[in-house]
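Q: Just one file: protein-v7.csv, with CSV, C-alpha atoms.
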```csv
chain,number,residue,atom,x,y,z
A,30,MET,CA,-133.1,-97.5,16.3
A,31,THR,CA,-135.1,-99.8,18.5
A,32,ALA,CA,-134.6,-103.5,18.1
A,33,ARG,CA,-137.7,-105.5,17.2
A,34,ILE,CA,-137.9,-109.0,18.9
A,35,GLY,CA,-140.7,-111.4,17.9
A,36,VAL,CA,-142.3,-113.7,20.4
A,37,VAL,CA,-144.1,-116.7,18.8
A,38,THR,CA,-147.4,-117.9,20.2
A,39,PHE,CA,-148.6,-121.5,19.5
A,40,PRO,CA,-151.8,-123.1,20.7
A,41,GLY,CA,-150.8,-124.0,24.3
A,42,THR,CA,-148.0,-121.5,24.7
A,43,LEU,CA,-148.0,-120.1,28.2
A,44,ASP,CA,-145.0,-117.8,28.6
A,45,ASP,CA,-145.4,-115.5,25.6
A,46,ARG,CA,-146.6,-112.5,27.7
A,47,ASP,CA,-143.7,-112.9,30.1
A,48,ALA,CA,-141.2,-113.2,27.2
A,49,ALA,CA,-142.7,-110.1,25.6
A,50,ARG,CA,-142.5,-108.2,28.9
A,51,ALA,CA,-138.8,-109.2,29.3
A,52,VAL,CA,-138.1,-108.0,25.8
A,53,ARG,CA,-139.7,-104.6,26.6
A,54,LEU,CA,-137.9,-104.3,30.0
A,55,ALA,CA,-134.6,-105.0,28.2
A,56,GLY,CA,-135.3,-102.0,25.9
A,57,ALA,CA,-136.6,-103.6,22.7
A,58,GLU,CA,-140.0,-103.6,21.0
A,59,ALA,CA,-141.8,-106.9,21.5
A,60,VAL,CA,-143.6,-108.1,18.3
A,61,PRO,CA,-146.3,-110.8,18.8
A,62,LEU,CA,-146.0,-113.5,16.1
A,63,TRP,CA,-148.7,-116.1,15.4
A,64,HIS,CA,-147.9,-119.8,14.7
A,65,GLY,CA,-150.1,-119.9,11.6
A,66,SER,CA,-148.6,-116.8,10.0
A,67,GLU,CA,-145.9,-117.0,7.3
A,68,SER,CA,-144.5,-113.6,8.1
A,69,LEU,CA,-141.8,-112.7,10.7
A,70,GLU,CA,-143.0,-109.0,10.5
A,71,ASP,CA,-139.4,-107.8,9.8
A,72,VAL,CA,-138.3,-108.7,13.4
A,73,ASP,CA,-134.5,-108.7,14.2
A,74,ALA,CA,-134.7,-111.7,16.5
A,75,VAL,CA,-137.2,-114.3,17.7
A,76,VAL,CA,-138.0,-115.9,21.0
A,77,LEU,CA,-139.8,-119.3,21.1
A,78,PRO,CA,-141.4,-119.2,24.6
A,79,GLY,CA,-142.3,-121.9,27.1
A,80,GLY,CA,-145.6,-123.8,27.6
A,81,PHE,CA,-147.2,-126.9,26.1
A,82,SER,CA,-147.6,-126.2,22.4
A,83,TYR,CA,-150.3,-128.5,21.0
A,84,GLY,CA,-150.7,-130.0,24.5
A,85,ASP,CA,-147.2,-131.6,24.2
A,86,TYR,CA,-149.1,-134.3,22.2
A,87,LEU,CA,-146.9,-136.9,20.5
A,88,ARG,CA,-143.6,-135.3,21.9
A,89,ALA,CA,-142.9,-131.8,23.2
A,90,GLY,CA,-142.5,-129.5,20.2
A,91,ALA,CA,-143.2,-132.3,17.7
A,92,ILE,CA,-146.3,-130.8,16.1
A,93,ALA,CA,-145.3,-127.1,16.6
A,94,ARG,CA,-142.3,-127.9,14.4
A,95,PHE,CA,-144.6,-128.0,11.4
A,96,ALA,CA,-146.4,-124.7,12.1
A,97,PRO,CA,-146.1,-122.3,9.1
A,98,ILE,CA,-144.1,-119.7,11.0
A,99,MET,CA,-141.4,-122.3,11.8
A,100,ASP,CA,-140.2,-122.5,8.2
A,101,LYS,CA,-139.5,-118.8,8.4
A,102,VAL,CA,-137.8,-119.1,11.8
A,103,VAL,CA,-135.6,-121.9,10.5
A,104,ASP,CA,-134.6,-119.9,7.4
A,105,ALA,CA,-133.9,-116.8,9.4
A,106,ALA,CA,-131.9,-118.8,12.0
A,107,ASN,CA,-129.8,-120.3,9.3
A,108,GLY,CA,-129.2,-116.8,8.0
A,109,GLY,CA,-127.9,-115.7,11.3
A,110,MET,CA,-130.9,-114.2,13.1
A,111,PRO,CA,-130.7,-114.6,16.9
A,112,VAL,CA,-133.3,-117.2,18.0
A,113,LEU,CA,-133.8,-118.1,21.7
A,114,GLY,CA,-135.8,-121.2,22.7
A,115,ILE,CA,-137.0,-121.4,26.3
A,116,CYS,CA,-138.3,-124.7,27.7
A,117,ASN,CA,-140.9,-125.8,25.2
A,118,GLY,CA,-139.1,-123.5,22.7
A,119,PHE,CA,-135.8,-125.4,23.4
A,120,GLN,CA,-137.7,-128.7,22.8
A,121,LEU,CA,-139.0,-127.2,19.5
A,122,LEU,CA,-135.5,-126.2,18.4
A,123,THR,CA,-134.3,-129.8,18.8
A,124,GLU,CA,-137.4,-131.2,17.0
A,125,VAL,CA,-136.7,-128.8,14.1
A,126,HIS,CA,-133.0,-129.7,14.1
A,127,LEU,CA,-131.6,-126.3,14.7
A,128,LEU,CA,-130.0,-127.8,17.9
A,129,PRO,CA,-128.9,-131.4,18.5
A,130,GLY,CA,-130.3,-133.9,21.0
A,131,SER,CA,-133.7,-134.1,22.6
A,132,MET,CA,-135.6,-133.9,25.9
A,133,ILE,CA,-137.2,-136.8,27.6
A,134,LYS,CA,-139.2,-137.0,30.9
A,135,ASN,CA,-137.3,-136.0,34.0
A,136,ASP,CA,-135.5,-139.0,35.5
A,137,HIS,CA,-137.5,-138.7,38.8
A,138,LEU,CA,-140.8,-138.4,36.8
A,139,HIS,CA,-142.0,-135.4,38.7
A,140,PHE,CA,-142.9,-132.0,37.4
A,141,ILE,CA,-140.4,-129.6,38.9
A,142,CYS,CA,-140.6,-125.9,39.7
A,143,ARG,CA,-137.8,-124.2,41.6
A,144,ASP,CA,-135.2,-121.4,41.4
A,145,GLN,CA,-132.2,-123.0,39.7
A,146,THR,CA,-128.6,-122.0,39.8
A,147,LEU,CA,-126.8,-122.2,36.4
A,148,ARG,CA,-123.2,-121.6,35.3
A,149,VAL,CA,-122.7,-119.6,32.1
A,150,GLU,CA,-120.3,-121.8,30.1
A,151,ASN,CA,-120.3,-119.8,26.9
A,152,ALA,CA,-120.6,-116.0,27.1
A,153,GLU,CA,-120.0,-115.4,23.4
A,154,THR,CA,-123.4,-116.3,22.0
A,155,ASN,CA,-125.9,-113.6,20.8
A,156,TRP,CA,-128.0,-114.3,24.0
A,157,THR,CA,-125.2,-114.5,26.6
A,158,SER,CA,-122.6,-111.8,25.7
A,159,GLU,CA,-123.6,-109.6,28.6
A,160,TYR,CA,-122.6,-112.4,31.1
A,161,ARG,CA,-119.1,-113.5,32.1
A,162,GLU,CA,-117.9,-117.0,31.4
A,163,GLY,CA,-118.2,-119.0,34.6
A,164,GLU,CA,-120.7,-116.6,36.1
A,165,GLN,CA,-123.5,-118.2,38.2
A,166,ILE,CA,-127.0,-117.0,37.8
A,167,VAL,CA,-130.4,-118.0,39.3
A,168,ILE,CA,-133.5,-118.3,37.2
A,169,PRO,CA,-136.7,-120.3,37.6
A,170,LEU,CA,-137.0,-123.9,36.2
A,171,LYS,CA,-140.3,-125.6,35.6
A,172,ASN,CA,-140.9,-128.6,33.5
A,173,GLN,CA,-141.7,-132.3,33.2
A,174,ASP,CA,-139.8,-133.2,30.1
A,175,GLY,CA,-136.5,-131.5,30.9
A,176,GLN,CA,-133.9,-134.3,30.7
A,177,TYR,CA,-131.5,-133.4,28.0
A,178,VAL,CA,-130.2,-136.5,26.1
A,179,ALA,CA,-127.9,-137.0,23.1
A,180,ASP,CA,-125.5,-139.7,22.1
A,181,ASP,CA,-121.9,-139.5,23.4
A,182,TYR,CA,-120.5,-138.4,20.0
A,183,THR,CA,-122.9,-135.4,20.0
A,184,LEU,CA,-122.1,-134.6,23.6
A,185,ASP,CA,-118.4,-134.8,23.0
A,186,GLN,CA,-118.8,-132.5,20.0
A,187,LEU,CA,-120.9,-130.0,22.0
A,188,GLU,CA,-118.2,-129.9,24.7
A,189,GLY,CA,-115.3,-129.8,22.3
A,190,GLU,CA,-116.8,-126.8,20.4
A,191,GLY,CA,-117.8,-124.9,23.5
A,192,ARG,CA,-121.4,-125.2,22.6
A,193,VAL,CA,-122.7,-126.1,26.1
A,194,ALA,CA,-124.1,-122.7,27.0
A,195,PHE,CA,-125.4,-123.4,30.5
A,196,ARG,CA,-124.9,-126.1,33.1
A,197,TYR,CA,-126.9,-126.9,36.2
A,198,VAL,CA,-125.0,-126.1,39.4
A,199,GLY,CA,-125.4,-127.8,42.8
A,200,TRP,CA,-128.0,-130.3,41.7
A,201,ASN,CA,-129.0,-131.8,38.4
A,202,PRO,CA,-132.8,-131.3,38.5
A,203,ASN,CA,-133.8,-133.7,35.7
A,204,GLY,CA,-131.0,-136.2,34.9
A,205,SER,CA,-129.8,-134.2,31.9
A,206,ARG,CA,-126.6,-135.6,30.4
A,207,ARG,CA,-123.5,-133.9,31.7
A,208,ASP,CA,-125.6,-131.4,33.7
A,209,ILE,CA,-126.5,-129.6,30.5
A,210,ALA,CA,-129.2,-126.9,30.9
A,211,GLY,CA,-128.7,-125.1,27.6
A,212,ILE,CA,-126.8,-125.3,24.3
A,213,THR,CA,-126.0,-123.2,21.3
A,214,ASN,CA,-125.4,-123.8,17.6
A,215,GLU,CA,-122.0,-123.3,16.0
A,216,ARG,CA,-122.6,-119.7,15.0
A,217,GLY,CA,-123.9,-118.7,18.5
A,218,ASN,CA,-127.1,-117.1,17.2
A,219,VAL,CA,-129.4,-120.0,18.2
A,220,VAL,CA,-129.6,-120.8,21.9
A,221,GLY,CA,-132.0,-123.2,23.7
A,222,LEU,CA,-132.3,-123.8,27.5
A,223,MET,CA,-134.9,-125.4,29.8
A,224,PRO,CA,-134.9,-122.8,32.6
A,225,HIS,CA,-136.8,-119.5,32.2
A,226,PRO,CA,-134.8,-116.3,32.0
A,227,GLU,CA,-138.0,-114.3,31.2
A,228,HIS,CA,-139.3,-115.0,34.7
A,229,ALA,CA,-136.3,-113.2,36.3
A,230,VAL,CA,-136.2,-109.8,34.8
A,231,GLU,CA,-138.0,-107.5,37.2
A,232,PRO,CA,-137.4,-106.8,41.0
A,233,GLY,CA,-140.3,-108.1,43.0
A,234,PHE,CA,-141.2,-110.9,40.6
A,235,GLY,CA,-138.0,-112.9,40.3
A,236,PRO,CA,-136.2,-115.6,42.3
A,237,ASP,CA,-135.0,-114.7,45.8
A,238,SER,CA,-131.6,-113.0,45.8
A,239,VAL,CA,-129.0,-112.2,48.4
A,240,GLU,CA,-130.4,-108.6,48.6
A,241,SER,CA,-134.0,-109.5,49.3
A,242,GLY,CA,-136.9,-111.8,48.4
A,243,ARG,CA,-138.0,-112.0,44.8
A,244,ALA,CA,-135.4,-109.5,43.8
A,245,GLY,CA,-133.5,-111.7,41.3
A,246,THR,CA,-133.2,-110.3,37.8
A,247,ASP,CA,-130.4,-112.6,36.5
A,248,GLY,CA,-132.4,-113.4,33.3
A,249,LEU,CA,-132.5,-109.9,31.9
A,250,ALA,CA,-129.0,-110.1,30.3
A,251,PHE,CA,-130.3,-112.7,27.8
A,252,PHE,CA,-132.4,-110.0,26.3
A,253,THR,CA,-129.9,-107.1,26.7
A,254,SER,CA,-127.2,-109.3,25.1
A,255,ALA,CA,-129.4,-109.9,22.0
A,256,ILE,CA,-130.3,-106.2,21.8
A,257,LYS,CA,-126.7,-105.0,22.2
A,258,GLY,CA,-125.6,-107.3,19.3
A,259,LEU,CA,-128.4,-106.2,17.1
A,260,LEU,CA,-127.7,-102.5,17.7
A,261,ALA,CA,-124.0,-103.0,17.1
A,262,HIS,CA,-124.7,-104.3,13.6
A,263,ALA,CA,-127.4,-101.8,12.8
B,22,MET,CA,-161.2,-150.3,6.4
B,23,PRO,CA,-157.6,-151.6,6.6
B,24,THR,CA,-155.3,-150.2,9.2
B,25,ILE,CA,-151.5,-149.6,9.2
B,26,VAL,CA,-150.0,-150.0,12.7
B,27,VAL,CA,-146.9,-148.1,13.5
B,28,ASP,CA,-145.0,-149.1,16.7
B,29,VAL,CA,-142.4,-146.7,18.2
B,30,MET,CA,-140.2,-147.6,21.1
B,31,PRO,CA,-137.6,-145.6,23.1
B,32,LYS,CA,-134.1,-146.5,21.9
B,33,PRO,CA,-132.5,-149.3,24.1
B,34,GLU,CA,-129.7,-147.0,25.3
B,35,ILE,CA,-132.2,-144.3,26.4
B,36,LEU,CA,-133.5,-144.7,29.9
B,37,ASP,CA,-137.2,-145.0,29.9
B,38,PRO,CA,-138.5,-143.2,33.0
B,39,GLN,CA,-142.1,-144.1,32.3
B,40,GLY,CA,-141.4,-147.8,31.8
B,41,LYS,CA,-139.4,-147.7,35.1
B,42,ALA,CA,-142.3,-146.2,37.0
B,43,VAL,CA,-144.7,-148.9,35.6
B,44,SER,CA,-142.2,-151.6,36.5
B,45,SER,CA,-142.0,-150.5,40.1
B,46,ALA,CA,-145.8,-150.3,40.4
B,47,LEU,CA,-146.4,-153.9,39.4
B,48,PRO,CA,-145.2,-155.5,42.6
B,49,ARG,CA,-147.5,-153.2,44.5
B,50,ILE,CA,-150.5,-154.9,43.0
B,51,GLY,CA,-148.9,-158.3,43.6
B,52,ILE,CA,-147.5,-158.9,40.1
B,53,GLU,CA,-144.0,-160.2,40.3
B,54,GLY,CA,-141.4,-161.7,37.9
B,55,PHE,CA,-140.9,-159.1,35.3
B,56,ALA,CA,-137.3,-157.8,35.1
B,57,GLN,CA,-138.1,-154.7,33.1
B,58,VAL,CA,-140.9,-152.7,31.5
B,59,ARG,CA,-140.4,-150.4,28.5
B,60,GLN,CA,-143.2,-148.1,27.3
B,61,GLY,CA,-143.6,-147.2,23.7
B,62,LYS,CA,-146.3,-145.8,21.4
B,63,ARG,CA,-148.7,-147.5,18.9
B,64,PHE,CA,-150.3,-145.5,16.1
B,65,GLU,CA,-153.2,-146.8,14.0
B,66,LEU,CA,-153.4,-145.2,10.5
B,67,THR,CA,-156.8,-146.1,9.0
B,68,VAL,CA,-156.6,-146.3,5.2
B,69,GLU,CA,-159.5,-145.4,2.9
B,70,GLY,CA,-159.4,-148.0,0.2
B,71,GLU,CA,-156.6,-150.4,-0.6
B,72,VAL,CA,-153.1,-150.4,1.0
B,73,THR,CA,-150.8,-150.0,-1.9
B,74,GLU,CA,-147.0,-149.7,-1.9
B,75,GLU,CA,-147.5,-145.9,-2.1
B,76,VAL,CA,-149.7,-145.9,1.0
B,77,LEU,CA,-147.2,-148.0,2.9
B,78,ALA,CA,-144.4,-145.7,1.8
B,79,ALA,CA,-146.4,-142.7,3.0
B,80,ALA,CA,-146.9,-144.5,6.4
B,81,ARG,CA,-143.2,-145.2,6.7
B,82,LYS,CA,-142.4,-141.5,5.9
B,83,ALA,CA,-144.9,-140.4,8.6
B,84,ALA,CA,-143.3,-142.8,11.1
B,85,GLU,CA,-139.8,-141.5,10.4
B,86,THR,CA,-140.7,-137.7,10.2
B,87,LEU,CA,-143.5,-137.1,12.7
B,88,LEU,CA,-144.4,-140.1,14.7
B,89,SER,CA,-140.9,-140.7,16.0
B,90,ASN,CA,-137.8,-138.7,16.9
B,91,PRO,CA,-134.8,-140.6,15.7
B,92,VAL,CA,-132.6,-139.1,18.5
B,93,ILE,CA,-134.6,-140.9,21.2
B,94,GLU,CA,-136.9,-143.4,19.5
B,95,ASP,CA,-136.9,-146.3,17.0
B,96,VAL,CA,-139.7,-147.2,14.6
B,97,VAL,CA,-139.8,-150.9,15.3
B,98,SER,CA,-142.6,-151.8,12.9
B,99,VAL,CA,-144.9,-150.5,10.2
B,100,ALA,CA,-147.4,-153.2,9.3
B,101,VAL,CA,-150.8,-153.7,7.9
B,102,GLU,CA,-153.2,-155.1,10.4
B,103,GLU,CA,-155.4,-158.0,9.2
B,104,VAL,CA,-159.1,-157.3,9.7
```
Would you mind writing the file's structure down as C-alpha cells?
A:
Amino acid sequence: MTARIGVVTFPGTLDDRDAARAVRLAGAEAVPLWHGSESLEDVDAVVLPGGFSYGDYLRAGAIARFAPIMDKVVDAANGGMPVLGICNGFQLLTEVHLLPGSMIKNDHLHFICRDQTLRVENAETNWTSEYREGEQIVIPLKNQDGQYVADDYTLDQLEGEGRVAFRYVGWNPNGSRRDIAGITNERGNVVGLMPHPEHAVEPGFGPDSVESGRAGTDGLAFFTSAIKGLLAHA
Amino acid sequence: MPTIVVDVMPKPEILDPQGKAVSSALPRIGIEGFAQVRQGKRFELTVEGEVTEEVLAAARKAAETLLSNPVIEDVVSVAVEEV
C-alpha cells in the first residue's frame, strides 16, 4: 500500500508544490486538493501548506477557514485523520479551532527568513514519531505573522498536557509565548507549526548542516512519521 | 443607504506591534504627547433598505464569527451610522 497525502491549495498558497514534493520524497503519493472542492479524494492525511491564502486579508487564515474543503478537513481531523498545518496552514488551524491560540504580527514587525533551530518537545504525535523527544532540528522559518499568543490558562493547559510540539531554541524569532513554535491537539493527529519542514527534505536544497552547505534534511521525518503511522494501521 | 459600522480592537492584554510602531513614528514628525497608540479595524457594512433587528443581529454575528478573532480581538461596537 502507498499512503495518499493530500495537499490543499487556496488562492495565495505558495508552498503547495514543495509540500507535495516532500510527501513524494518521503514515500507517499501526493494528492492535490482544491480549496473549492468538497471532496478529500480518499486521502489518508492532509497537509495545509504555507503562503498567504486570500492575501492574508482580514487575518491570516480567516477567510480560508470558510473554504468548502475545510468542512471536510475538520470532520476528518475530528475523526483522527493526520493533519499538518505549516505556517499559513497553522494560522488556518487556529482560525478553524482545531488548535488553540492565534498568531499576531512578529514582535519586531519585520518579515523574517532564516534557518531556525527547534527542539522536538513531543515525539508521539502522528507527525513527529520519527524524532526523539528533546532532539534539535534545523528547518527554515519565514513569516510576518508568526507570534504565537494564547491566554495563560490555555498555555498552562498545553504545557501540562504535553501539547507543545516544538519550541524555538537559541533565539525566539517572533516573540511567541513561551518560545512555542508548534503545538498539537490532544489526540496528536493535528499538528501546526510556523517553521517549514517541507523546505528541508532534500540534500542541496535545505538549510546548511554540519556536513555541508544546504545539506539539511531535518524536515523529512514529519512526513515519514505520518506515513509510518498510516501504514501501521493499514 | 444606511451603514452599520463594526469596530474591532486588539484585546488590551495582547501587545499591539503595529500600534507600537505608529507610536514610535509620531515623535519623528514632531508630534509629541501621546502615551500609547493602539491600532484596530473598522468595517462598514452597507445595508440595502432598512436596518431591522434581524439585520443588526446578522451584523453582530458577522462581527463575532468572521470580522474578529475572539482569541486576540474584541468587537468594541456594532452601530448604525447616521447619514
Q: Between A:Gln165, A:Asn107, A:Asn201, A:Ser131, which residue has the minimum interatomic distance to chain B, considering all atoms listed in the file?
A: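 For chain B, the nearest of the candidates is A:Ser131.
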Q: At a cut-off of 8 Å, can you tabulate as CSV every residue of chain B near chain A together with its closest atom pair and the distance in Å to one decimal, using all atoms listed in the file and ordering rows by chain then number?
A:
```
residue,atom,partner,partner_atom,distance
B:Pro38,CA,A:Asp136,CA,5.7
B:Gln39,CA,A:Leu138,CA,7.4
B:Ala42,CA,A:Leu138,CA,7.9
B:Leu87,CA,A:Ala91,CA,6.9
B:Leu88,CA,A:Leu87,CA,7.1
B:Asn90,CA,A:Glu124,CA,7.5
B:Val92,CA,A:Gly130,CA,6.2
B:Ile93,CA,A:Ser131,CA,7.0
```
Q: Interatomic distance between CA of Lys32 (chain B) and CA of Asp95 (chain B)?
A: 5.6 Å
Q: So what do you get for CA of Ser44 (chain B) versus CA of Pro91 (chain B), distance-wise?
A: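 Taking CA of Ser44 (chain B) and CA of Pro91 (chain B), their separation equals 24.7 Å.
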Q: Separation of CA of Pro97 (chain A) and CA of Gly65 (chain A), in Å?
A: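 Going from CA of Pro97 (chain A) over to CA of Gly65 (chain A), I get 5.3 Å.
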Q: Could you list as a list in words every residue that has an atom within 12 Å of (-137.6, -157.4, 28.5), using the file's coordinates and counting all atoms listed in the file?
A: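 Every residue inside that radius is included here: Pro33, Gly40, Lys41, Ser44, Gly54, Phe55, Ala56, Gln57, Val58, Arg59 and Gln60 of chain B.
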Q: What's around region 254-261 of chain A at 6 Å? Count only C-alpha atoms, leave out sequence neighbours fewer than 2 positions away in its own chain, and write the answer as an MDAnalysis selection string.
A: chainID A and resid 155:159 250:252 263
Q: Name all residues at most 7 Å from Trp63 (chain A) (count all atoms listed in the file; drop same-chain ones fewer than 6 positions away) and give them as a ChimeraX atom specification.
A: /A:37-39
Q: At a cut-off of 8 Å, using all atoms listed in the file, what residues contact region 236-244 of chain A? Leave out same-chain residues fewer than 5 positions from it and give the result as number ranges by chain.
A: A: 144, 167-169, 229, 231
Q: Pick from B:Val27, B:Val97, B:Arg49, B:Glu102: nearest to Ala79 (chain B), with all atoms listed in the file counted?
A: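 Selected residue with least distance to Ala79 (chain B): B:Val27.
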Q: Give me, as a list in words, all polymer residues having an atom no more than 12 Å from Glu162 (chain A), counting only C-alpha atoms and skipping those fewer than 4 positions away in the same chain.
A: Leu147, Arg148, Val149, Glu150, Asn151, Ala152, Glu153, Thr154, Thr157, Ser158, Ile166, Gly191, Val193, Ala194, Phe195 and Arg196 of chain A
Q: Can you spit out the residues from that selection as a compact mmCIF listing (two decimals), in the frame of the given file, using C-alpha atoms?
A:
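To be explicit, this is the file written out as result30.txt:
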```txt
# COMPACT_ATOMS: atom_id res chain seq x y z
CA LEU A 147 -126.80 -122.20 36.40
CA ARG A 148 -123.20 -121.60 35.30
CA VAL A 149 -122.70 -119.60 32.10
CA GLU A 150 -120.30 -121.80 30.10
CA ASN A 151 -120.30 -119.80 26.90
CA ALA A 152 -120.60 -116.00 27.10
CA GLU A 153 -120.00 -115.40 23.40
CA THR A 154 -123.40 -116.30 22.00
CA THR A 157 -125.20 -114.50 26.60
CA SER A 158 -122.60 -111.80 25.70
CA ILE A 166 -127.00 -117.00 37.80
CA GLY A 191 -117.80 -124.90 23.50
CA VAL A 193 -122.70 -126.10 26.10
CA ALA A 194 -124.10 -122.70 27.00
CA PHE A 195 -125.40 -123.40 30.50
CA ARG A 196 -124.90 -126.10 33.10
```
Q: For Val96 (chain B), which of B:Met30, B:Ile25, B:Val76, B:Leu66 is the closest residue, counting all atoms listed in the file?
A: B:Met30
Q: Could you check which of A:Pro40, A:Ala105, A:Pro61, A:Gln173 is closest to Gly84 (chain A), using all atoms listed in the file?
A: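 With all atoms listed in the file as the atom set, the closest residue is A:Pro40.
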Q: Considering only C-alpha atoms, return as a list in words whatever protein or nucleic-acid residues lie within 8 Å of Thr213 (chain A), sequence-local ones (same chain, fewer than 3 positions apart) excluded.
A: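 Listed by chain and then number, they are Leu128, Thr154, Arg192, Val193, Ala194, Arg216, Gly217, Asn218, Val219, Val220 and Gly221 of chain A.
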